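Q: Have a peek at final-v5.tsv (TSV, C-alpha atoms).
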```
chain	number	residue	atom	x	y	z
G	1	MET	CA	34.06	-27.75	-20.10
G	2	SER	CA	31.49	-25.15	-21.11
G	3	ASP	CA	27.94	-26.08	-22.02
G	4	GLU	CA	28.61	-25.11	-25.62
G	5	GLY	CA	31.67	-27.34	-25.75
G	6	ARG	CA	29.78	-30.20	-24.12
G	7	ILE	CA	26.89	-29.82	-26.58
G	8	ASP	CA	29.30	-29.76	-29.50
G	9	GLY	CA	31.04	-32.84	-28.11
G	10	TYR	CA	27.79	-34.78	-27.89
G	11	ALA	CA	26.79	-33.64	-31.40
G	12	ARG	CA	30.11	-34.70	-32.86
G	13	ALA	CA	29.87	-38.11	-31.18
G	14	LEU	CA	26.31	-38.70	-32.42
G	15	PHE	CA	27.31	-37.53	-35.89
G	16	GLU	CA	30.24	-39.94	-36.03
G	17	VAL	CA	28.14	-42.87	-34.86
G	18	ALA	CA	25.41	-42.22	-37.44
G	19	ARG	CA	27.89	-41.70	-40.23
G	20	ALA	CA	29.78	-44.86	-39.29
G	21	GLU	CA	26.59	-46.84	-39.44
G	22	GLY	CA	25.68	-45.25	-42.80
G	23	THR	CA	22.32	-43.92	-41.55
G	24	LEU	CA	23.25	-40.30	-41.24
G	25	ASP	CA	20.47	-38.95	-43.47
G	26	GLU	CA	17.73	-40.89	-41.75
G	27	VAL	CA	19.08	-40.37	-38.25
G	28	GLU	CA	19.57	-36.67	-38.89
G	29	ASP	CA	16.01	-36.31	-40.14
G	30	GLU	CA	14.50	-38.31	-37.28
G	31	LEU	CA	16.50	-36.48	-34.67
G	32	PHE	CA	15.48	-33.14	-36.12
G	33	ARG	CA	11.80	-34.05	-35.95
G	34	PHE	CA	12.24	-35.43	-32.43
G	35	ALA	CA	13.91	-32.20	-31.31
G	36	ARG	CA	10.99	-30.14	-32.62
G	37	THR	CA	8.52	-32.44	-30.88
G	38	TYR	CA	10.55	-32.17	-27.70
G	39	GLU	CA	10.44	-28.37	-27.88
G	40	SER	CA	6.70	-28.22	-28.41
G	41	SER	CA	5.72	-30.74	-25.74
G	42	ASP	CA	6.01	-29.68	-22.10
G	43	THR	CA	5.03	-33.16	-20.94
G	44	LEU	CA	7.77	-34.85	-22.95
G	45	ARG	CA	10.29	-32.26	-21.85
G	46	ASP	CA	9.39	-32.70	-18.19
G	47	ALA	CA	9.50	-36.50	-18.46
G	48	LEU	CA	12.97	-36.53	-20.02
G	49	THR	CA	14.57	-33.90	-17.79
G	50	ASP	CA	13.11	-34.74	-14.36
G	51	GLU	CA	16.04	-35.71	-12.15
G	52	MET	CA	13.67	-37.48	-9.78
G	53	VAL	CA	12.79	-39.99	-12.52
G	54	PRO	CA	15.39	-42.77	-12.78
G	55	ALA	CA	17.51	-42.75	-15.93
G	56	ALA	CA	16.24	-46.18	-16.91
G	57	MET	CA	12.67	-44.92	-16.74
G	58	ARG	CA	13.51	-41.92	-18.94
G	59	GLN	CA	15.20	-44.17	-21.45
G	60	LYS	CA	12.15	-46.40	-21.42
G	61	VAL	CA	10.03	-43.38	-22.39
G	62	VAL	CA	12.35	-42.70	-25.35
G	63	GLU	CA	12.22	-46.31	-26.47
G	64	ASP	CA	8.44	-46.40	-26.21
G	65	LEU	CA	8.17	-43.20	-28.18
G	66	LEU	CA	10.67	-43.85	-30.95
G	67	GLY	CA	10.71	-47.66	-30.97
G	68	GLY	CA	8.35	-49.95	-32.81
G	69	GLY	CA	9.41	-48.73	-36.24
G	70	ASN	CA	8.89	-45.05	-35.58
G	71	ALA	CA	12.62	-44.41	-35.90
G	72	THR	CA	15.79	-46.29	-36.75
G	73	PRO	CA	17.50	-48.20	-33.91
G	74	THR	CA	20.43	-45.81	-34.16
G	75	THR	CA	18.21	-42.81	-33.49
G	76	VAL	CA	16.59	-44.56	-30.54
G	77	GLN	CA	19.97	-45.50	-29.07
G	78	LEU	CA	21.44	-42.04	-29.54
G	79	VAL	CA	18.54	-40.24	-27.92
G	80	SER	CA	18.39	-42.81	-25.14
G	81	MET	CA	22.10	-42.34	-24.52
G	82	VAL	CA	21.78	-38.55	-24.23
G	83	VAL	CA	18.74	-38.78	-21.95
G	84	GLY	CA	20.35	-41.51	-19.82
G	85	SER	CA	23.41	-39.35	-19.28
G	86	GLY	CA	21.24	-36.60	-17.83
G	87	ARG	CA	21.64	-34.23	-20.79
G	88	GLY	CA	17.98	-34.32	-21.85
G	89	ARG	CA	17.71	-30.59	-21.34
G	90	ASP	CA	20.39	-30.03	-24.01
G	91	LEU	CA	18.86	-32.45	-26.49
G	92	PRO	CA	17.51	-29.84	-28.98
G	93	ALA	CA	20.79	-27.93	-29.01
G	94	ILE	CA	22.79	-31.16	-29.46
G	95	ILE	CA	20.54	-32.28	-32.33
G	96	ASP	CA	20.63	-28.87	-34.02
G	97	SER	CA	24.40	-28.93	-33.81
G	98	LEU	CA	24.43	-32.44	-35.28
G	99	VAL	CA	22.13	-31.43	-38.14
G	100	GLN	CA	24.27	-28.37	-38.82
G	101	ARG	CA	27.37	-30.53	-38.82
G	102	ALA	CA	25.73	-33.06	-41.18
G	103	SER	CA	24.67	-30.31	-43.57
G	104	SER	CA	28.14	-28.86	-43.58
G	105	SER	CA	29.65	-32.26	-44.28
G	106	LYS	CA	27.50	-32.47	-47.41
G	107	ASN	CA	28.16	-28.86	-48.39
G	108	LEU	CA	24.51	-28.06	-47.84
G	109	GLU	CA	22.89	-25.12	-46.09
G	110	LEU	CA	20.36	-26.10	-43.43
G	111	ALA	CA	16.89	-24.90	-44.40
G	112	GLU	CA	14.26	-25.17	-41.68
G	113	VAL	CA	10.76	-25.01	-43.06
G	114	ARG	CA	7.72	-24.60	-40.85
G	115	SER	CA	4.32	-25.43	-42.25
G	116	ALA	CA	0.88	-25.87	-40.74
G	117	VAL	CA	0.34	-29.08	-42.69
G	118	PRO	CA	2.78	-31.77	-43.84
G	119	LEU	CA	4.40	-31.28	-47.25
G	120	THR	CA	4.34	-33.98	-49.87
G	121	ASP	CA	7.62	-35.31	-51.23
G	122	ASP	CA	6.96	-33.47	-54.46
G	123	GLN	CA	6.36	-30.21	-52.62
G	124	GLN	CA	9.55	-30.73	-50.59
G	125	ASP	CA	11.56	-31.31	-53.76
G	126	ARG	CA	10.14	-28.25	-55.47
G	127	LEU	CA	10.59	-26.16	-52.32
G	128	LYS	CA	14.20	-27.32	-52.00
G	129	ALA	CA	14.81	-26.30	-55.59
G	130	ALA	CA	13.07	-22.98	-55.09
G	131	LEU	CA	15.11	-22.21	-51.97
G	132	ALA	CA	18.33	-23.16	-53.78
G	133	ASN	CA	17.34	-20.84	-56.57
G	134	ALA	CA	16.52	-18.01	-54.17
G	135	THR	CA	19.62	-18.34	-51.97
G	136	GLY	CA	22.09	-19.66	-54.48
G	137	LYS	CA	22.96	-22.53	-52.17
G	138	GLN	CA	22.07	-26.20	-52.07
G	139	VAL	CA	19.92	-26.76	-49.03
G	140	ASN	CA	19.32	-29.54	-46.54
G	141	LEU	CA	15.57	-29.22	-46.12
G	142	LYS	CA	14.04	-29.96	-42.73
G	143	VAL	CA	10.28	-29.65	-42.51
G	144	VAL	CA	8.58	-28.97	-39.17
G	145	VAL	CA	4.80	-29.25	-38.93
G	146	ASP	CA	3.83	-26.32	-36.73
G	147	PRO	CA	0.08	-25.59	-36.35
G	148	SER	CA	0.85	-22.15	-34.92
G	149	VAL	CA	1.85	-21.07	-38.43
G	150	LEU	CA	-1.88	-21.35	-39.30
G	151	GLY	CA	-1.19	-21.54	-43.05
G	152	GLY	CA	1.58	-21.04	-45.60
G	153	ILE	CA	5.28	-21.59	-44.92
G	154	VAL	CA	8.14	-19.97	-43.01
G	155	ALA	CA	11.57	-20.91	-44.37
G	156	THR	CA	14.82	-20.13	-42.53
G	157	VAL	CA	18.06	-20.58	-44.47
G	158	GLY	CA	21.02	-19.45	-42.44
G	159	ASP	CA	20.28	-15.87	-41.47
G	160	THR	CA	17.62	-15.46	-44.19
G	161	VAL	CA	13.97	-15.82	-43.23
G	162	ILE	CA	11.35	-16.09	-45.98
G	163	ASP	CA	7.99	-15.66	-44.32
G	164	GLY	CA	4.86	-16.60	-46.22
G	165	SER	CA	2.81	-17.63	-43.20
G	166	VAL	CA	-0.74	-16.67	-42.41
G	167	ARG	CA	0.37	-16.23	-38.80
G	168	THR	CA	2.58	-13.29	-39.72
G	169	ARG	CA	-0.19	-11.65	-41.74
G	170	VAL	CA	-2.64	-12.06	-38.89
G	171	ASP	CA	-0.12	-10.58	-36.49
G	172	GLN	CA	0.45	-7.64	-38.83
G	173	LEU	CA	-3.29	-7.07	-39.02
G	174	LYS	CA	-3.53	-7.18	-35.22
G	175	SER	CA	-0.75	-4.63	-34.99
G	176	ARG	CA	-2.65	-2.33	-37.34
G	177	LEU	CA	-5.72	-2.69	-35.17
P	1	MET	CA	-59.79	60.12	109.68
P	2	SER	CA	-56.74	58.74	108.11
P	3	LEU	CA	-56.28	55.14	107.28
P	4	VAL	CA	-53.58	54.78	109.93
P	5	SER	CA	-55.85	56.21	112.49
P	6	VAL	CA	-58.57	53.85	111.49
P	7	ILE	CA	-56.18	50.92	111.70
P	8	LEU	CA	-54.92	52.06	115.12
P	9	VAL	CA	-58.38	52.48	116.46
P	10	ALA	CA	-59.48	49.21	115.04
P	11	THR	CA	-56.55	47.39	116.52
P	12	ALA	CA	-56.69	49.05	119.93
P	13	GLU	CA	-58.84	46.28	121.39
P	14	GLU	CA	-56.80	43.50	123.06
P	15	PRO	CA	-57.64	39.78	122.38
P	16	HIS	CA	-59.68	38.08	125.11
P	17	ARG	CA	-61.56	34.85	125.87
P	18	ASP	CA	-65.29	34.50	125.46
P	19	ASP	CA	-67.63	32.68	127.69
P	20	ASN	CA	-66.72	29.36	126.24
P	21	GLY	CA	-63.00	29.94	126.86
P	22	GLN	CA	-62.19	30.58	123.23
P	23	ILE	CA	-59.71	33.41	122.33
P	24	VAL	CA	-61.44	36.23	120.56
P	25	THR	CA	-59.46	38.84	118.49
P	26	HIS	CA	-60.52	42.33	117.82
P	27	HIS	CA	-60.87	41.76	114.07
P	28	TRP	CA	-61.00	38.74	111.80
P	29	LEU	CA	-58.38	40.26	109.38
P	30	LEU	CA	-56.33	43.07	110.93
P	31	PRO	CA	-53.36	42.22	113.19
P	32	GLU	CA	-52.77	43.54	116.65
P	33	GLN	CA	-51.89	47.17	117.12
P	34	SER	CA	-48.40	46.58	118.36
P	35	GLU	CA	-47.81	44.23	115.53
P	36	VAL	CA	-48.88	46.93	113.15
P	37	ILE	CA	-46.59	49.47	114.68
P	38	TYR	CA	-43.53	47.24	114.84
P	39	GLY	CA	-44.24	45.87	111.44
P	40	THR	CA	-44.50	49.33	110.01
P	41	ILE	CA	-41.25	50.38	111.62
P	42	ALA	CA	-39.51	47.24	110.38
P	43	SER	CA	-40.85	47.79	106.91
P	44	LEU	CA	-39.66	51.35	106.87
P	45	ALA	CA	-36.29	50.24	108.08
P	46	ILE	CA	-36.10	47.65	105.39
P	47	PHE	CA	-37.19	50.14	102.79
P	48	TYR	CA	-34.57	52.55	103.98
P	49	LEU	CA	-31.89	49.93	103.97
P	50	LEU	CA	-32.95	48.80	100.53
P	51	TYR	CA	-32.89	52.36	99.34
P	52	ARG	CA	-29.62	53.04	101.03
P	53	PHE	CA	-27.69	49.94	100.10
P	54	ALA	CA	-29.46	48.12	97.32
P	55	GLY	CA	-30.65	51.19	95.41
P	56	PRO	CA	-27.31	52.24	93.88
P	57	PRO	CA	-26.36	48.83	92.60
P	58	ILE	CA	-29.81	48.35	91.18
P	59	LYS	CA	-29.69	51.79	89.65
P	60	LYS	CA	-26.23	51.04	88.33
P	61	ALA	CA	-27.39	47.71	86.99
P	62	LEU	CA	-30.36	49.36	85.35
P	63	VAL	CA	-28.07	51.99	83.80
P	64	ALA	CA	-25.74	49.29	82.64
P	65	ARG	CA	-28.65	47.32	81.29
P	66	THR	CA	-29.91	50.39	79.52
P	67	ALA	CA	-26.43	50.99	78.10
P	68	ARG	CA	-26.18	47.37	77.05
P	69	ILE	CA	-29.56	47.47	75.42
P	70	GLN	CA	-28.60	50.70	73.72
P	71	ALA	CA	-25.35	49.11	72.57
P	72	GLU	CA	-27.28	46.15	71.29
P	73	LEU	CA	-29.67	48.47	69.55
P	74	ASP	CA	-26.70	50.33	68.06
P	75	ALA	CA	-25.12	47.06	67.01
P	76	SER	CA	-28.39	45.95	65.51
P	77	ALA	CA	-28.64	49.24	63.69
P	78	GLY	CA	-25.04	48.76	62.43
P	79	ALA	CA	-25.79	45.20	61.44
P	80	LEU	CA	-28.91	46.39	59.71
P	81	ALA	CA	-26.88	49.04	57.89
P	82	ASP	CA	-24.26	46.46	57.01
P	83	ALA	CA	-26.94	44.06	55.85
P	84	GLU	CA	-28.58	46.76	53.80
P	85	ALA	CA	-25.17	47.68	52.33
P	86	GLU	CA	-24.46	44.04	51.60
P	87	ALA	CA	-27.89	43.68	50.11
P	88	ALA	CA	-27.18	46.70	47.97
P	89	GLU	CA	-23.89	45.17	46.95
P	90	ILE	CA	-25.59	41.86	46.20
P	91	ARG	CA	-28.22	43.67	44.18
P	92	GLN	CA	-25.41	45.49	42.38
P	93	ALA	CA	-23.56	42.25	41.87
P	94	LYS	CA	-26.72	40.62	40.62
P	95	GLY	CA	-27.09	43.45	38.18
P	96	ASP	CA	-23.48	43.01	37.13
P	97	ILE	CA	-23.96	39.28	36.74
P	98	GLU	CA	-26.99	39.82	34.60
P	99	GLU	CA	-25.09	42.32	32.54
P	100	GLU	CA	-22.16	39.92	32.26
P	101	ARG	CA	-24.51	37.12	31.33
P	102	LEU	CA	-26.04	39.22	28.61
P	103	ARG	CA	-22.59	40.26	27.42
P	104	LEU	CA	-21.42	36.65	27.37
P	105	LEU	CA	-24.53	35.55	25.55
P	106	ALA	CA	-24.03	38.30	23.00
P	107	ALA	CA	-20.37	37.35	22.57
P	108	ALA	CA	-21.32	33.68	22.22
P	109	ASP	CA	-23.96	34.54	19.65
P	110	ALA	CA	-21.47	36.64	17.72
P	111	GLU	CA	-18.84	33.89	17.83
P	112	ALA	CA	-21.36	31.26	16.79
P	113	GLU	CA	-22.49	33.41	13.92
P	114	ALA	CA	-18.88	33.96	12.86
P	115	LEU	CA	-18.19	30.23	13.07
P	116	LEU	CA	-21.31	29.46	11.10
P	117	THR	CA	-20.38	31.94	8.42
P	118	ASP	CA	-16.81	30.69	8.30
P	119	GLY	CA	-17.95	27.06	8.25
P	120	ARG	CA	-20.40	27.75	5.43
P	121	ALA	CA	-17.71	29.49	3.43
P	122	ARG	CA	-15.25	26.65	4.02
P	123	LEU	CA	-17.87	24.04	3.16
P	124	GLU	CA	-18.71	25.84	-0.04
P	125	VAL	CA	-15.03	25.86	-0.99
P	126	GLU	CA	-14.67	22.17	-0.13
P	127	ILE	CA	-17.83	21.31	-2.04
P	128	ALA	CA	-16.52	23.19	-5.04
P	129	GLU	CA	-13.19	21.34	-4.80
P	130	LEU	CA	-14.93	17.99	-4.41
P	131	GLU	CA	-17.16	18.70	-7.39
P	132	ALA	CA	-14.16	19.67	-9.47
P	133	ARG	CA	-12.26	16.57	-8.37
P	134	ALA	CA	-15.26	14.34	-9.02
P	135	ALA	CA	-15.67	15.85	-12.46
P	136	ALA	CA	-11.98	15.24	-13.18
P	137	ASP	CA	-12.22	11.67	-11.87
P	138	LEU	CA	-15.29	11.06	-13.99
P	139	GLU	CA	-13.54	12.42	-17.02
P	140	ALA	CA	-10.44	10.31	-16.32
P	141	ALA	CA	-12.58	7.23	-15.67
P	142	ALA	CA	-14.43	7.83	-18.91
P	143	GLY	CA	-11.10	8.12	-20.71
P	144	ARG	CA	-9.81	4.96	-19.06
P	145	SER	CA	-13.00	3.12	-19.85
P	146	GLY	CA	-12.71	4.22	-23.44
P	147	ASP	CA	-9.11	3.03	-23.63
P	148	GLU	CA	-9.98	-0.25	-21.95
P	149	LEU	CA	-12.94	-0.70	-24.23
P	150	ARG	CA	-10.80	-0.04	-27.29
P	151	SER	CA	-8.15	-2.47	-26.04
P	152	GLU	CA	-10.75	-5.10	-25.31
P	153	MET	CA	-12.33	-4.59	-28.74
P	154	ILE	CA	-8.94	-4.92	-30.41
P	155	ARG	CA	-8.09	-8.00	-28.39
P	156	THR	CA	-11.46	-9.57	-29.13
P	157	ALA	CA	-11.21	-8.60	-32.77
P	158	GLY	CA	-7.71	-10.11	-32.94
P	159	ALA	CA	-8.86	-13.36	-31.36
P	160	SER	CA	-11.90	-13.48	-33.59
P	161	LEU	CA	-9.77	-12.71	-36.61
P	162	GLU	CA	-7.46	-15.61	-35.80
P	163	GLU	CA	-10.40	-17.97	-35.31
P	164	VAL	CA	-12.08	-16.85	-38.52
P	165	VAL	CA	-8.88	-17.22	-40.49
P	166	ALA	CA	-8.18	-20.65	-38.97
P	167	ASP	CA	-11.73	-21.77	-39.85
P	168	THR	CA	-11.39	-20.66	-43.45
P	169	LEU	CA	-8.05	-22.45	-43.96
P	170	ASP	CA	-9.23	-25.77	-45.35
P	171	ASP	CA	-6.91	-28.29	-47.02
P	172	ALA	CA	-7.35	-26.75	-50.44
P	173	THR	CA	-6.45	-23.33	-49.15
P	174	GLN	CA	-3.44	-24.74	-47.26
P	175	GLN	CA	-2.19	-26.41	-50.43
P	176	GLU	CA	-2.81	-23.25	-52.41
P	177	LEU	CA	-0.79	-21.22	-49.90
P	178	ILE	CA	2.07	-23.74	-50.02
P	179	GLU	CA	2.12	-23.78	-53.82
P	180	SER	CA	1.97	-20.02	-53.90
P	181	PHE	CA	4.94	-19.83	-51.54
P	182	ILE	CA	6.97	-22.30	-53.59
P	183	GLN	CA	6.26	-20.41	-56.79
P	184	ARG	CA	7.06	-17.05	-55.21
P	185	VAL	CA	10.34	-18.29	-53.73
P	186	GLY	CA	11.25	-20.08	-56.93
P	187	ALA	CA	10.60	-16.98	-58.96
P	188	SER	CA	12.86	-14.84	-56.83
P	189	THR	CA	16.63	-14.79	-57.31
```
Just give me the structure of the file as structure tokens.
A:
Amino acid sequence: MSDEGRIDGYARALFEVARAEGTLDEVEDELFRFARTYESSDTLRDALTDEMVPAAMRQKVVEDLLGGGNATPTTVQLVSMVVGSGRGRDLPAIIDSLVQRASSSKNLELAEVRSAVPLTDDQQDRLKAALANATGKQVNLKVVVDPSVLGGIVATVGDTVIDGSVRTRVDQLKSRL
Amino acid sequence: MSLVSVILVATAEEPHRDDNGQIVTHHWLLPEQSEVIYGTIASLAIFYLLYRFAGPPIKKALVARTARIQAELDASAGALADAEAEAAEIRQAKGDIEEERLRLLAAADAEAEALLTDGRARLEVEIAELEARAAADLEAAAGRSGDELRSEMIRTAGASLEEVVADTLDDATQQELIESFIQRVGAST
């Protein structure tokens, strides 16, 4: 089985488990945030993918990180299962596939929004409406807090990127220099 | 009276004994008369024999000695002539050597002068090339330094720009940027 097929298989399994337990929205959101954290943290990535670390120890790291009310038990179990099976390296791809699958099941377009600071619920609602108005599609909004954006927002809906970040303006100014 | 007569008269007296029985001769130096006569005859005979038999070999030896001495004198004269000729040759050779030495010295001086001139010319060319190369290197280095300086200034300016922008982005500004983005996206269709 190819890596892509294996990733899709894991995503489908996680999706079915979350939907069966009726926590798909929460699990999807938590997994998405965890995937972004995983991507931005070398330490976490190394801890969860090091073959020299026993699987139980890696699962313990996941439980310590997501347990204690930080995430639903389903999310903790799903991530722990993937890491325990030695697929920690594919975790972001599996989660992205799951989120894409969840959005498709709700006839929504995945909209990834990167902001330097967290958005309030009101801002998320208004942004979701604005993106739906701009793209003509209902969107499944996923907000990622990314300090490298510096300020403003970068929204990616499908193949469309709407860039209102300070980072891009600074980069443009550097290019002019 | 001749000397012989005197000797004969003087020796005519025979030796005899005196009153004391001692033998007395006729003279304290001259021999007896008979002894003089026989001695004279013997001497003449010896002289004759010497003249007759020893004279020719002696004469021959003297002639040979004279010839040998003459030959030696001739040889000495030849050797002297040879020595003088050799000396002349040596003097000639010495003159030639001196001339050769002077010629060699002149040739060496000429070659040294040529080498010096050639070396100076080559050095001048090399110096000119080195100066040109150094000038080109300096110009290139100045260009590189300028480029590096510009790059460094741009890099520093970029980093400073990012820091300045990050410092000016307080919460109010962040919220303003977010609201502005939402409004802009919402306004577009």
Q: Excluding stretch 65-76 of chain G and residues on its chain fewer than 3 positions from it, collect all residues at most 12 Å away from it, counting only C-alpha atoms, and give them as a PyMOL selection string.
A: chain G and resi 14-35+37-38+44+47-48+58-62+79-84+95
Q: Grab the atom CA of P:Gln183 to atom CA of G:Leu131 distance for me, in Å with one decimal place.
A: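 Going from atom CA of P:Gln183 over to atom CA of G:Leu131, I get 10.2 Å.
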Q: Using all atoms listed in the file, find all polymer residues with an atom at most 12 Å away from the point (-48.0, 44.6, 110.4); report them as a ChimeraX atom specification.
A: /P:4,7-8,11,29-44
Q: From the set G:Thr120, G:Thr156, G:Thr135, G:Ser165, which residue has the shortest atom-to-atom contact distance to P:Leu169, counting all atoms listed in the file?
A: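 Going through G:Thr120, G:Thr156, G:Thr135, G:Ser165 one by one, the smallest distance to P:Leu169 is for G:Ser165.
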Q: Could you write out as a PDB file with C-alpha atoms, in the frame of the given file the residues of chain P within 12 Å of chain G, counting all atoms listed in the file?
A:
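The result, written out as iface10.pdb:
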```pdb
ATOM      1  CA  ARG P 150     -10.800  -0.040 -27.290  1.00  0.00           C
ATOM      2  CA  SER P 151      -8.150  -2.470 -26.040  1.00  0.00           C
ATOM      3  CA  GLU P 152     -10.750  -5.100 -25.310  1.00  0.00           C
ATOM      4  CA  MET P 153     -12.330  -4.590 -28.740  1.00  0.00           C
ATOM      5  CA  ILE P 154      -8.940  -4.920 -30.410  1.00  0.00           C
ATOM      6  CA  ARG P 155      -8.090  -8.000 -28.390  1.00  0.00           C
ATOM      7  CA  THR P 156     -11.460  -9.570 -29.130  1.00  0.00           C
ATOM      8  CA  ALA P 157     -11.210  -8.600 -32.770  1.00  0.00           C
ATOM      9  CA  GLY P 158      -7.710 -10.110 -32.940  1.00  0.00           C
ATOM     10  CA  ALA P 159      -8.860 -13.360 -31.360  1.00  0.00           C
ATOM     11  CA  SER P 160     -11.900 -13.480 -33.590  1.00  0.00           C
ATOM     12  CA  LEU P 161      -9.770 -12.710 -36.610  1.00  0.00           C
ATOM     13  CA  GLU P 162      -7.460 -15.610 -35.800  1.00  0.00           C
ATOM     14  CA  GLU P 163     -10.400 -17.970 -35.310  1.00  0.00           C
ATOM     15  CA  VAL P 164     -12.080 -16.850 -38.520  1.00  0.00           C
ATOM     16  CA  VAL P 165      -8.880 -17.220 -40.490  1.00  0.00           C
ATOM     17  CA  ALA P 166      -8.180 -20.650 -38.970  1.00  0.00           C
ATOM     18  CA  ASP P 167     -11.730 -21.770 -39.850  1.00  0.00           C
ATOM     19  CA  THR P 168     -11.390 -20.660 -43.450  1.00  0.00           C
ATOM     20  CA  LEU P 169      -8.050 -22.450 -43.960  1.00  0.00           C
ATOM     21  CA  ASP P 170      -9.230 -25.770 -45.350  1.00  0.00           C
ATOM     22  CA  ASP P 171      -6.910 -28.290 -47.020  1.00  0.00           C
ATOM     23  CA  ALA P 172      -7.350 -26.750 -50.440  1.00  0.00           C
ATOM     24  CA  THR P 173      -6.450 -23.330 -49.150  1.00  0.00           C
ATOM     25  CA  GLN P 174      -3.440 -24.740 -47.260  1.00  0.00           C
ATOM     26  CA  GLN P 175      -2.190 -26.410 -50.430  1.00  0.00           C
ATOM     27  CA  GLU P 176      -2.810 -23.250 -52.410  1.00  0.00           C
ATOM     28  CA  LEU P 177      -0.790 -21.220 -49.900  1.00  0.00           C
ATOM     29  CA  ILE P 178       2.070 -23.740 -50.020  1.00  0.00           C
ATOM     30  CA  GLU P 179       2.120 -23.780 -53.820  1.00  0.00           C
ATOM     31  CA  SER P 180       1.970 -20.020 -53.900  1.00  0.00           C
ATOM     32  CA  PHE P 181       4.940 -19.830 -51.540  1.00  0.00           C
ATOM     33  CA  ILE P 182       6.970 -22.300 -53.590  1.00  0.00           C
ATOM     34  CA  GLN P 183       6.260 -20.410 -56.790  1.00  0.00           C
ATOM     35  CA  ARG P 184       7.060 -17.050 -55.210  1.00  0.00           C
ATOM     36  CA  VAL P 185      10.340 -18.290 -53.730  1.00  0.00           C
ATOM     37  CA  GLY P 186      11.250 -20.080 -56.930  1.00  0.00           C
ATOM     38  CA  ALA P 187      10.600 -16.980 -58.960  1.00  0.00           C
ATOM     39  CA  SER P 188      12.860 -14.840 -56.830  1.00  0.00           C
ATOM     40  CA  THR P 189      16.630 -14.790 -57.310  1.00  0.00           C
TER      41      THR P 189
END
```
Q: Can you measure atom CA of G:Tyr10 to atom CA of G:Ile94 for me? One decimal in Å is fine.
A: 6.4 Å
Q: Please compute the atom CA of G:Lys137-atom CA of G:Asp159 distance, one decimal, in Å.
A: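 Taking atom CA of G:Lys137 and atom CA of G:Asp159, their separation equals 12.9 Å.
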Q: May I have the residues within 9 Å of P:His16 as a compact mmCIF listing (two decimals) with C-alpha atoms, keeping the file's coordinate frame, using all atoms listed in the file and disregarding those fewer than 4 positions away in the same chain?
A:
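Wrote it out as selection_25.txt, contents follow:
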```txt
# COMPACT_ATOMS: atom_id res chain seq x y z
CA GLY P 21 -63.00 29.94 126.86
CA GLN P 22 -62.19 30.58 123.23
CA ILE P 23 -59.71 33.41 122.33
CA VAL P 24 -61.44 36.23 120.56
CA THR P 25 -59.46 38.84 118.49
CA HIS P 26 -60.52 42.33 117.82
```
Q: With distances taken over all atoms listed in the file, which of G:Arg6, G:Arg101, G:Arg36, G:Arg89 is nearest to G:Val143?
A: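 Looking only at the distances to G:Val143, the closest residue turns out to be G:Arg36.
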Q: With 4 Å on each side, where is the centre of the axis-aligned box around all listed atoms of stretch 24-43 of chain G, and how long are its edges in Å to one decimal, as AutoDock Vina command-line options?
A:
```
--center_x 14.1 --center_y -34.6 --center_z -32.2 --size_x 26.2 --size_y 20.7 --size_z 30.5
```
Q: Generate a file for stretch 93-114 of chain G, containing C-alpha atoms, as an mmCIF file, in the first residue's frame.
A:
```
data_model
loop_
_atom_site.group_PDB
_atom_site.id
_atom_site.type_symbol
_atom_site.label_atom_id
_atom_site.label_comp_id
_atom_site.auth_asym_id
_atom_site.auth_seq_id
_atom_site.Cartn_x
_atom_site.Cartn_y
_atom_site.Cartn_z
ATOM 1 C CA ALA G 93 -1.180 14.512 6.593
ATOM 2 C CA ILE G 94 -3.623 12.067 8.225
ATOM 3 C CA ILE G 95 -5.321 14.879 10.159
ATOM 4 C CA ASP G 96 -5.514 17.157 7.112
ATOM 5 C CA SER G 97 -7.101 14.335 5.173
ATOM 6 C CA LEU G 98 -9.562 13.759 8.026
ATOM 7 C CA VAL G 99 -10.465 17.457 8.190
ATOM 8 C CA GLN G 100 -10.915 17.550 4.424
ATOM 9 C CA ARG G 101 -13.106 14.486 4.598
ATOM 10 C CA ALA G 102 -15.172 16.003 7.442
ATOM 11 C CA SER G 103 -15.646 19.241 5.521
ATOM 12 C CA SER G 104 -16.735 17.365 2.443
ATOM 13 C CA SER G 105 -19.216 15.338 4.461
ATOM 14 C CA LYS G 106 -20.840 18.596 5.566
ATOM 15 C CA ASN G 107 -20.649 20.131 2.096
ATOM 16 C CA LEU G 108 -18.237 22.729 3.405
ATOM 17 C CA GLU G 109 -15.012 24.042 1.915
ATOM 18 C CA LEU G 110 -12.036 23.905 4.271
ATOM 19 C CA ALA G 111 -10.798 27.417 5.034
ATOM 20 C CA GLU G 112 -7.474 27.597 6.853
ATOM 21 C CA VAL G 113 -6.926 30.952 8.479
ATOM 22 C CA ARG G 114 -3.581 31.988 9.903
#
```
